[in-house]
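Colleague: For reference, this is structure38.tsv, and it has TSV, C-alpha atoms and all ligand atoms.
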chain	number	residue	atom	x	y	z
C	28	MET	CA	9.67	-50.70	30.39
C	29	GLN	CA	11.46	-49.04	33.33
C	30	ASN	CA	14.08	-46.28	33.22
C	31	ASP	CA	15.54	-44.96	36.48
C	32	GLY	CA	12.43	-46.22	38.17
C	33	ARG	CA	10.17	-44.11	35.91
C	34	PRO	CA	7.79	-45.82	33.50
C	35	VAL	CA	8.39	-44.95	29.80
C	36	GLY	CA	6.13	-45.94	26.92
C	37	GLY	CA	7.76	-48.73	24.84
C	38	LEU	CA	7.23	-47.42	21.32
C	39	ALA	CA	7.84	-43.80	22.33
C	40	GLU	CA	11.09	-44.71	24.03
C	41	VAL	CA	12.40	-46.67	21.02
C	42	PHE	CA	11.46	-43.78	18.73
C	43	SER	CA	13.07	-41.06	20.82
C	44	ARG	CA	16.22	-43.13	21.37
C	45	THR	CA	16.53	-43.71	17.61
C	46	ILE	CA	16.17	-39.96	16.90
C	47	ALA	CA	18.70	-39.15	19.61
C	48	ARG	CA	21.21	-41.63	18.19
C	49	ARG	CA	20.91	-40.36	14.63
C	50	THR	CA	20.95	-36.61	15.24
C	51	SER	CA	23.34	-34.23	16.92
C	52	ARG	CA	22.23	-31.03	18.67
C	53	ARG	CA	24.19	-28.97	16.12
C	54	GLY	CA	22.51	-30.80	13.26
C	55	LEU	CA	19.08	-30.12	14.72
C	56	LEU	CA	19.86	-26.41	15.17
C	57	GLY	CA	21.07	-26.29	11.57
C	58	LEU	CA	17.85	-27.86	10.32
C	59	LEU	CA	15.76	-25.45	12.42
C	60	GLY	CA	17.72	-22.45	11.11
C	61	ALA	CA	17.42	-23.58	7.49
C	62	SER	CA	13.66	-24.08	7.80
C	63	MET	CA	13.26	-20.61	9.35
C	64	VAL	CA	15.21	-18.93	6.54
C	65	GLY	CA	13.22	-20.93	4.01
C	66	SER	CA	9.88	-19.95	5.51
C	67	LEU	CA	10.90	-16.26	5.53
C	68	GLY	CA	11.69	-16.35	1.82
C	69	MET	CA	8.56	-18.23	0.77
C	70	PRO	CA	5.95	-15.45	1.06
C	71	LEU	CA	8.21	-13.00	-0.77
C	72	LEU	CA	8.66	-15.07	-3.89
C	73	PRO	CA	5.16	-14.88	-5.41
C	74	VAL	CA	4.94	-11.14	-4.63
C	75	ALA	CA	8.24	-10.41	-6.37
C	76	ARG	CA	7.21	-12.48	-9.36
C	77	ALA	CA	3.81	-10.78	-9.57
C	78	ALA	CA	5.47	-7.34	-9.70
C	79	GLU	CA	7.90	-8.49	-12.40
C	80	GLY	CA	5.25	-10.06	-14.58
C	81	SER	CA	2.61	-7.32	-14.35
C	82	GLY	CA	4.32	-4.92	-16.77
C	83	GLN	CA	3.96	-2.23	-14.09
C	84	PRO	CA	7.01	-0.18	-13.07
C	85	ARG	CA	8.15	-0.35	-9.46
C	86	LYS	CA	7.08	2.84	-7.65
C	87	ALA	CA	10.72	3.72	-6.98
C	88	ASP	CA	11.47	3.59	-10.73
C	89	ILE	CA	8.80	6.11	-11.80
C	90	PRO	CA	10.54	9.36	-12.74
C	91	ASP	CA	9.19	12.49	-11.13
C	92	THR	CA	9.39	16.22	-11.68
C	93	GLY	CA	7.73	19.32	-10.22
C	94	ASP	CA	6.64	20.66	-6.84
C	95	ASP	CA	4.08	18.40	-5.14
C	96	ARG	CA	2.94	21.34	-2.97
C	97	SER	CA	1.83	23.26	-6.07
C	98	CYS	CA	-1.43	22.73	-7.95
C	99	ASP	CA	0.63	22.59	-11.20
C	100	TYR	CA	2.20	19.28	-10.14
C	101	TRP	CA	1.31	16.60	-12.70
C	102	ARG	CA	-0.42	14.19	-10.29
C	103	TYR	CA	-3.02	16.86	-9.45
C	104	CYS	CA	-4.59	16.94	-12.93
C	105	ALA	CA	-7.95	15.72	-11.57
C	106	MET	CA	-7.76	17.14	-8.04
C	107	ASP	CA	-10.54	18.82	-6.08
C	108	GLY	CA	-9.38	19.67	-2.57
C	109	TYR	CA	-6.64	20.93	-0.26
C	110	LEU	CA	-3.21	19.45	-0.95
C	111	CYS	CA	-2.17	17.29	2.01
C	112	GLY	CA	1.45	18.34	1.41
C	113	CYS	CA	0.43	21.84	2.59
C	114	CYS	CA	-1.49	20.47	5.59
C	115	GLY	CA	1.12	18.49	7.51
C	116	GLY	CA	0.94	15.36	5.35
C	117	SER	CA	2.36	14.67	1.91
C	118	VAL	CA	1.24	13.82	-1.61
C	119	ASN	CA	1.10	10.16	-0.45
C	120	SER	CA	0.16	10.41	3.21
C	121	CYS	CA	-2.37	12.01	5.54
C	122	PRO	CA	-1.52	14.61	8.20
C	123	PRO	CA	-1.11	13.27	11.75
C	124	GLY	CA	-4.45	12.82	13.48
C	125	THR	CA	-6.35	12.10	10.26
C	126	GLU	CA	-7.14	8.83	8.52
C	127	MET	CA	-7.19	8.03	4.82
C	128	SER	CA	-10.57	7.37	3.20
C	129	PRO	CA	-10.85	3.76	2.06
C	130	ILE	CA	-12.95	4.80	-0.96
C	131	THR	CA	-11.71	7.34	-3.45
C	132	TRP	CA	-11.89	9.06	-6.80
C	133	ILE	CA	-9.34	8.11	-9.44
C	134	GLY	CA	-8.02	10.06	-12.40
C	135	THR	CA	-5.46	9.54	-15.15
C	136	CYS	CA	-2.63	12.06	-15.44
C	137	GLU	CA	0.33	12.33	-17.81
C	138	ASN	CA	3.74	12.30	-16.15
C	139	PRO	CA	5.89	14.94	-17.96
C	140	ALA	CA	9.05	13.11	-16.86
C	141	ASP	CA	8.35	10.06	-19.05
C	142	GLY	CA	5.32	11.07	-21.15
C	143	LYS	CA	3.32	8.12	-19.78
C	144	ARG	CA	-0.16	8.19	-18.28
C	145	TYR	CA	-0.67	6.98	-14.72
C	146	VAL	CA	-3.79	6.18	-12.69
C	147	ILE	CA	-3.89	8.46	-9.65
C	148	SER	CA	-6.02	7.85	-6.57
C	149	TYR	CA	-7.21	10.99	-4.76
C	150	ASN	CA	-7.78	9.61	-1.26
C	151	ASP	CA	-9.24	12.16	1.13
C	152	CYS	CA	-7.86	12.48	4.66
C	153	CYS	CA	-10.51	12.58	7.35
C	154	GLY	CA	-10.94	13.41	11.02
C	155	LYS	CA	-9.92	17.08	11.26
C	156	SER	CA	-11.69	20.16	9.89
C	157	ALA	CA	-10.84	21.39	6.38
C	158	CYS	CA	-7.15	22.31	6.15
C	159	GLY	CA	-7.71	25.48	4.10
C	160	ASN	CA	-4.20	25.53	2.50
C	161	CYS	CA	-3.32	25.04	-1.18
C	162	PHE	CA	-6.81	24.56	-2.61
C	163	CYS	CA	-6.52	22.87	-6.02
C	164	ASN	CA	-9.40	22.31	-8.40
C	165	THR	CA	-8.08	21.06	-11.75
C	166	ASN	CA	-10.90	18.62	-12.46
C	167	GLN	CA	-9.57	16.84	-15.58
C	168	GLY	CA	-12.11	14.12	-16.46
C	169	ASP	CA	-14.53	15.32	-13.79
C	170	ARG	CA	-18.27	14.88	-14.44
C	171	PRO	CA	-21.22	16.54	-12.67
C	172	VAL	CA	-21.96	15.24	-9.21
C	173	TYR	CA	-25.16	13.55	-10.41
C	174	PHE	CA	-22.72	10.97	-11.88
C	175	PRO	CA	-21.19	10.28	-8.45
C	176	ALA	CA	-18.81	7.62	-9.74
C	177	LYS	CA	-17.32	10.12	-12.19
C	178	SER	CA	-17.31	13.22	-10.01
C	179	ASN	CA	-14.43	14.39	-7.86
C	180	ASP	CA	-16.72	16.80	-6.00
C	181	VAL	CA	-17.56	14.13	-3.42
C	182	ASN	CA	-16.51	13.93	0.21
C	183	TRP	CA	-14.94	10.46	0.30
C	184	CYS	CA	-14.67	10.75	4.09
C	185	LEU	CA	-18.29	9.62	4.09
C	186	GLY	CA	-16.78	6.12	3.77
C	187	ALA	CA	-14.33	6.64	6.65
C	188	ALA	CA	-14.80	6.39	10.44
C	189	THR	CA	-15.42	10.15	10.53
C	190	PRO	CA	-16.99	12.21	7.69
C	191	ILE	CA	-14.91	15.33	8.45
C	192	TYR	CA	-12.80	16.25	5.39
C	193	ASN	CA	-9.28	17.64	5.90
C	194	CYS	CA	-7.25	17.35	2.64
C	195	SER	CA	-6.56	15.13	-0.38
C	196	THR	CA	-3.62	12.97	-1.43
C	197	ALA	CA	-2.65	11.91	-4.97
C	198	ILE	CA	-1.26	8.38	-4.91
C	199	ILE	CA	0.12	6.64	-8.01
C	200	ILE	CA	-1.74	3.36	-8.58
C	201	GLY	CA	0.11	2.34	-11.73
C	202	LEU	CA	0.43	2.81	-15.46
C	203	ALA	CA	-2.88	3.49	-17.19
C	204	VAL	CA	-3.89	0.82	-19.68
C	205	GLU	CA	-5.53	2.59	-22.62
C	301	LIG	N1	-12.86	14.80	-2.48
C	301	LIG	C1	-12.66	16.13	-2.09
C	301	LIG	C2	-13.88	16.76	-1.55
C	301	LIG	C3	-14.13	16.72	-0.20
C	301	LIG	C4	-15.25	17.31	0.34
C	301	LIG	C5	-16.16	17.92	-0.52
C	301	LIG	C6	-15.90	17.97	-1.87
C	301	LIG	C7	-14.77	17.38	-2.39
Let me see whether you can do it: turn the structure in this file into structure tokens.

Modeller:
Amino acid sequence: MQNDGRPVGGLAEVFSRTIARRTSRRGLLGLLGASMVGSLGMPLLPVARAAEGSGQPRKADIPDTGDDRSCDYWRYCAMDGYLCGCCGGSVNSCPPGTEMSPITWIGTCENPADGKRYVISYNDCCGKSACGNCFCNTNQGDRPVYFPAKSNDVNWCLGAATPIYNCSTAIIIGLAVE
């Protein structure tokens, strides 16, 4: 078949002409927009449902009390290290220039604000020499270092890119299941 002197495949031409006749440009844009909005929402749905169904509170809903730069703060019940909040980081984050250890020691601490027990992960921050501020050694549930899996006296930076220990965080993992 010829079109303006250019050859066009027969079946392809019939197909594209049919599509062109049946759709408007606005309609196509609408369809494209709807599919983009739909695909954005899709990955969120299972995540939202998982959080709802797990029985775990959302982090933002956990009540809090106390000074997270003081060793008395409830999340530090099983701490052994320098508080990252006194070292340029925070209770949840490492100081600039350090990286969080991917392996960690966990403890279970009671939150005085709601009387519930939470699993706390004491991730070390690694890559700068020991901070030296706010040393905290509460050790609840700690066992001698010859039980490495139950001891907090371990440099978890040994599992990071650099073994140099700087400070420790105390991150809420979730409600403890007794
Ligand atoms: N997990 C805190 C720590 C770091 C280095 C040595 C002992 C304990």

Colleague: With distances taken over only C-alpha atoms and all ligand atoms, which of C:Cys153, C:Ile130, C:Ala176, C:Asp107 is nearest to ligand LIG 301 (chain C)?

Modeller: C:Asp107

Colleague: Can you pull out every residue with an atom within 6 Å of ligand LIG 301 (chain C)? Use all atoms listed in the file and format it as a JSON list (two decimals) with C-alpha atoms, in the coordinates of the input.

Modeller:
[["chain", "number", "residue", "atom", "x", "y", "z"],
["C", 107, "ASP", "CA", -10.54, 18.82, -6.08],
["C", 108, "GLY", "CA", -9.38, 19.67, -2.57],
["C", 151, "ASP", "CA", -9.24, 12.16, 1.13],
["C", 179, "ASN", "CA", -14.43, 14.39, -7.86],
["C", 180, "ASP", "CA", -16.72, 16.80, -6.00],
["C", 181, "VAL", "CA", -17.56, 14.13, -3.42],
["C", 182, "ASN", "CA", -16.51, 13.93, 0.21],
["C", 183, "TRP", "CA", -14.94, 10.46, 0.30],
["C", 192, "TYR", "CA", -12.80, 16.25, 5.39]]

Colleague: So, with only C-alpha atoms as the atoms that count, which of C:Gly154, C:Gly186, C:Pro129, C:Pro122 lies closest to Leu110 (chain C)?

Modeller: C:Pro122

Colleague: C:Asp99, C:Gly168, C:Cys194, C:Ile199: which is nearest Asn119 (chain C), counting all atoms listed in the file?

Modeller: C:Ile199

Colleague: Taking all atoms listed in the file into account, which of C:Thr165, C:Gln83, C:Ser156, C:Asn150 comes nearest Cys121 (chain C)?

Modeller: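 Using all atoms listed in the file, the shortest distance to Cys121 (chain C) belongs to C:Asn150.
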
Colleague: I'd like the contact shell of region 91-96 of chain C - 7 Å cut-off, all atoms listed in the file, skipping same-chain residues fewer than 5 positions apart - returned as a list in words.

Modeller: Leu110, Gly112, Cys113, Val118 and Ala140 of chain C

Colleague: I need the residues from that last selection saved to file as a PDB file, in the coordinates of the input (with C-alpha atoms), if you can.

Modeller:
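After the write, result.pdb holds the following:
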ATOM      1  CA  LEU C 110      -3.210  19.450  -0.950  1.00  0.00           C
ATOM      2  CA  GLY C 112       1.450  18.340   1.410  1.00  0.00           C
ATOM      3  CA  CYS C 113       0.430  21.840   2.590  1.00  0.00           C
ATOM      4  CA  VAL C 118       1.240  13.820  -1.610  1.00  0.00           C
ATOM      5  CA  ALA C 140       9.050  13.110 -16.860  1.00  0.00           C
TER       6      ALA C 140
END

Colleague: Using all atoms listed in the file, which residue out of C:Pro84, C:Thr131, C:Arg102, C:Ile89 lies closest to Lys177 (chain C)?

Modeller: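 Distance minimum relative to Lys177 (chain C) lands on C:Thr131.
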
Colleague: Please measure the separation of CA of Asn193 (chain C) and CA of Tyr109 (chain C), giving the value in Å to one decimal.

Modeller: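 Separation of CA of Asn193 (chain C) and CA of Tyr109 (chain C): 7.5 Å.
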
Colleague: Could you work out how far CA of Thr189 (chain C) lies from CA of Pro123 (chain C), giving the answer in Å with one decimal?

Modeller: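 Between these atoms lies a distance of 14.7 Å.
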
Colleague: Give the answer as one residue: which of C:Cys158, C:Ile133, C:Ile147, C:Val204 has the shortest atom-to-atom distance to Gly115 (chain C), using only C-alpha atoms?

Modeller: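 Residue with the minimum atom-to-atom distance to Gly115 (chain C): C:Cys158.
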
Colleague: In Å, with one decimal, what is the gap from CA of Arg85 (chain C) to CA of Ser128 (chain C)?

Modeller: 23.9 Å

Colleague: Give me the residues near Ile200 (chain C) as a PyMOL selection string, where near means some atom within 8 Å (using all atoms listed in the file) and where sequence neighbours in that chain fewer than 5 positions away do not count.

Modeller: chain C and resi 145-148

Colleague: Quick one: region 154-165 of chain C with all heavy atoms, as a PDB file, in the coordinates of the input?

Modeller:
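Ended up saving to result32.pdb:
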ATOM      1  N   GLY C 154     -11.027  13.427   9.560  1.00  0.00           N
ATOM      2  CA  GLY C 154     -10.940  13.410  11.020  1.00  0.00           C
ATOM      3  C   GLY C 154     -10.579  14.753  11.614  1.00  0.00           C
ATOM      4  O   GLY C 154     -10.635  14.914  12.836  1.00  0.00           O
ATOM      5  N   LYS C 155     -10.178  15.714  10.787  1.00  0.00           N
ATOM      6  CA  LYS C 155      -9.920  17.080  11.260  1.00  0.00           C
ATOM      7  C   LYS C 155     -10.621  18.025  10.303  1.00  0.00           C
ATOM      8  O   LYS C 155     -10.769  17.697   9.114  1.00  0.00           O
ATOM      9  CB  LYS C 155      -8.413  17.388  11.230  1.00  0.00           C
ATOM     10  CG  LYS C 155      -7.630  16.850  12.405  1.00  0.00           C
ATOM     11  CD  LYS C 155      -6.186  17.329  12.286  1.00  0.00           C
ATOM     12  CE  LYS C 155      -5.358  16.948  13.467  1.00  0.00           C
ATOM     13  NZ  LYS C 155      -3.942  17.305  13.248  1.00  0.00           N
ATOM     14  N   SER C 156     -10.950  19.238  10.767  1.00  0.00           N
ATOM     15  CA  SER C 156     -11.690  20.160   9.890  1.00  0.00           C
ATOM     16  C   SER C 156     -10.832  20.564   8.696  1.00  0.00           C
ATOM     17  O   SER C 156      -9.605  20.409   8.708  1.00  0.00           O
ATOM     18  CB  SER C 156     -12.117  21.394  10.681  1.00  0.00           C
ATOM     19  OG  SER C 156     -10.977  21.994  11.241  1.00  0.00           O
ATOM     20  N   ALA C 157     -11.495  21.086   7.657  1.00  0.00           N
ATOM     21  CA  ALA C 157     -10.840  21.390   6.380  1.00  0.00           C
ATOM     22  C   ALA C 157      -9.560  22.180   6.593  1.00  0.00           C
ATOM     23  O   ALA C 157      -9.539  23.178   7.313  1.00  0.00           O
ATOM     24  CB  ALA C 157     -11.805  22.147   5.488  1.00  0.00           C
ATOM     25  N   CYS C 158      -8.491  21.726   5.950  1.00  0.00           N
ATOM     26  CA  CYS C 158      -7.150  22.310   6.150  1.00  0.00           C
ATOM     27  C   CYS C 158      -7.107  23.778   5.715  1.00  0.00           C
ATOM     28  O   CYS C 158      -6.553  24.620   6.407  1.00  0.00           O
ATOM     29  CB  CYS C 158      -6.149  21.460   5.381  1.00  0.00           C
ATOM     30  SG  CYS C 158      -4.625  22.303   4.990  1.00  0.00           S
ATOM     31  N   GLY C 159      -7.654  24.078   4.553  1.00  0.00           N
ATOM     32  CA  GLY C 159      -7.710  25.480   4.100  1.00  0.00           C
ATOM     33  C   GLY C 159      -6.485  25.930   3.319  1.00  0.00           C
ATOM     34  O   GLY C 159      -6.508  27.010   2.740  1.00  0.00           O
ATOM     35  N   ASN C 160      -5.410  25.123   3.252  1.00  0.00           N
ATOM     36  CA  ASN C 160      -4.200  25.530   2.500  1.00  0.00           C
ATOM     37  C   ASN C 160      -4.168  24.861   1.129  1.00  0.00           C
ATOM     38  O   ASN C 160      -4.582  23.720   0.973  1.00  0.00           O
ATOM     39  CB  ASN C 160      -2.928  25.098   3.244  1.00  0.00           C
ATOM     40  CG  ASN C 160      -2.834  25.730   4.611  1.00  0.00           C
ATOM     41  OD1 ASN C 160      -3.358  26.822   4.826  1.00  0.00           O
ATOM     42  ND2 ASN C 160      -2.177  25.046   5.530  1.00  0.00           N
ATOM     43  N   CYS C 161      -3.596  25.584   0.155  1.00  0.00           N
ATOM     44  CA  CYS C 161      -3.320  25.040  -1.180  1.00  0.00           C
ATOM     45  C   CYS C 161      -4.552  24.386  -1.803  1.00  0.00           C
ATOM     46  O   CYS C 161      -4.511  23.203  -2.180  1.00  0.00           O
ATOM     47  CB  CYS C 161      -2.174  24.038  -1.155  1.00  0.00           C
ATOM     48  SG  CYS C 161      -0.625  24.676  -0.516  1.00  0.00           S
ATOM     49  N   PHE C 162      -5.632  25.129  -1.944  1.00  0.00           N
ATOM     50  CA  PHE C 162      -6.810  24.560  -2.610  1.00  0.00           C
ATOM     51  C   PHE C 162      -6.468  24.357  -4.085  1.00  0.00           C
ATOM     52  O   PHE C 162      -5.862  25.204  -4.735  1.00  0.00           O
ATOM     53  CB  PHE C 162      -8.024  25.471  -2.467  1.00  0.00           C
ATOM     54  CG  PHE C 162      -9.245  24.900  -3.119  1.00  0.00           C
ATOM     55  CD1 PHE C 162      -9.801  23.709  -2.664  1.00  0.00           C
ATOM     56  CD2 PHE C 162      -9.841  25.536  -4.212  1.00  0.00           C
ATOM     57  CE1 PHE C 162     -10.923  23.157  -3.268  1.00  0.00           C
ATOM     58  CE2 PHE C 162     -10.968  24.996  -4.822  1.00  0.00           C
ATOM     59  CZ  PHE C 162     -11.507  23.812  -4.341  1.00  0.00           C
ATOM     60  N   CYS C 163      -6.862  23.229  -4.635  1.00  0.00           N
ATOM     61  CA  CYS C 163      -6.520  22.870  -6.020  1.00  0.00           C
ATOM     62  C   CYS C 163      -7.740  22.223  -6.653  1.00  0.00           C
ATOM     63  O   CYS C 163      -8.280  21.251  -6.104  1.00  0.00           O
ATOM     64  CB  CYS C 163      -5.331  21.909  -5.972  1.00  0.00           C
ATOM     65  SG  CYS C 163      -4.733  21.410  -7.581  1.00  0.00           S
ATOM     66  N   ASN C 164      -8.152  22.772  -7.794  1.00  0.00           N
ATOM     67  CA  ASN C 164      -9.400  22.310  -8.400  1.00  0.00           C
ATOM     68  C   ASN C 164      -9.213  22.187  -9.902  1.00  0.00           C
ATOM     69  O   ASN C 164      -9.742  22.973 -10.673  1.00  0.00           O
ATOM     70  CB  ASN C 164     -10.520  23.316  -8.052  1.00  0.00           C
ATOM     71  CG  ASN C 164     -11.903  22.712  -8.189  1.00  0.00           C
ATOM     72  OD1 ASN C 164     -12.056  21.499  -8.219  1.00  0.00           O
ATOM     73  ND2 ASN C 164     -12.914  23.564  -8.265  1.00  0.00           N
ATOM     74  N   THR C 165      -8.436  21.200 -10.332  1.00  0.00           N
ATOM     75  CA  THR C 165      -8.080  21.060 -11.750  1.00  0.00           C
ATOM     76  C   THR C 165      -9.125  20.297 -12.546  1.00  0.00           C
ATOM     77  O   THR C 165      -9.368  20.605 -13.708  1.00  0.00           O
ATOM     78  CB  THR C 165      -6.713  20.368 -11.865  1.00  0.00           C
ATOM     79  OG1 THR C 165      -6.681  19.297 -10.940  1.00  0.00           O
ATOM     80  CG2 THR C 165      -5.591  21.337 -11.561  1.00  0.00           C
TER      81      THR C 165
END
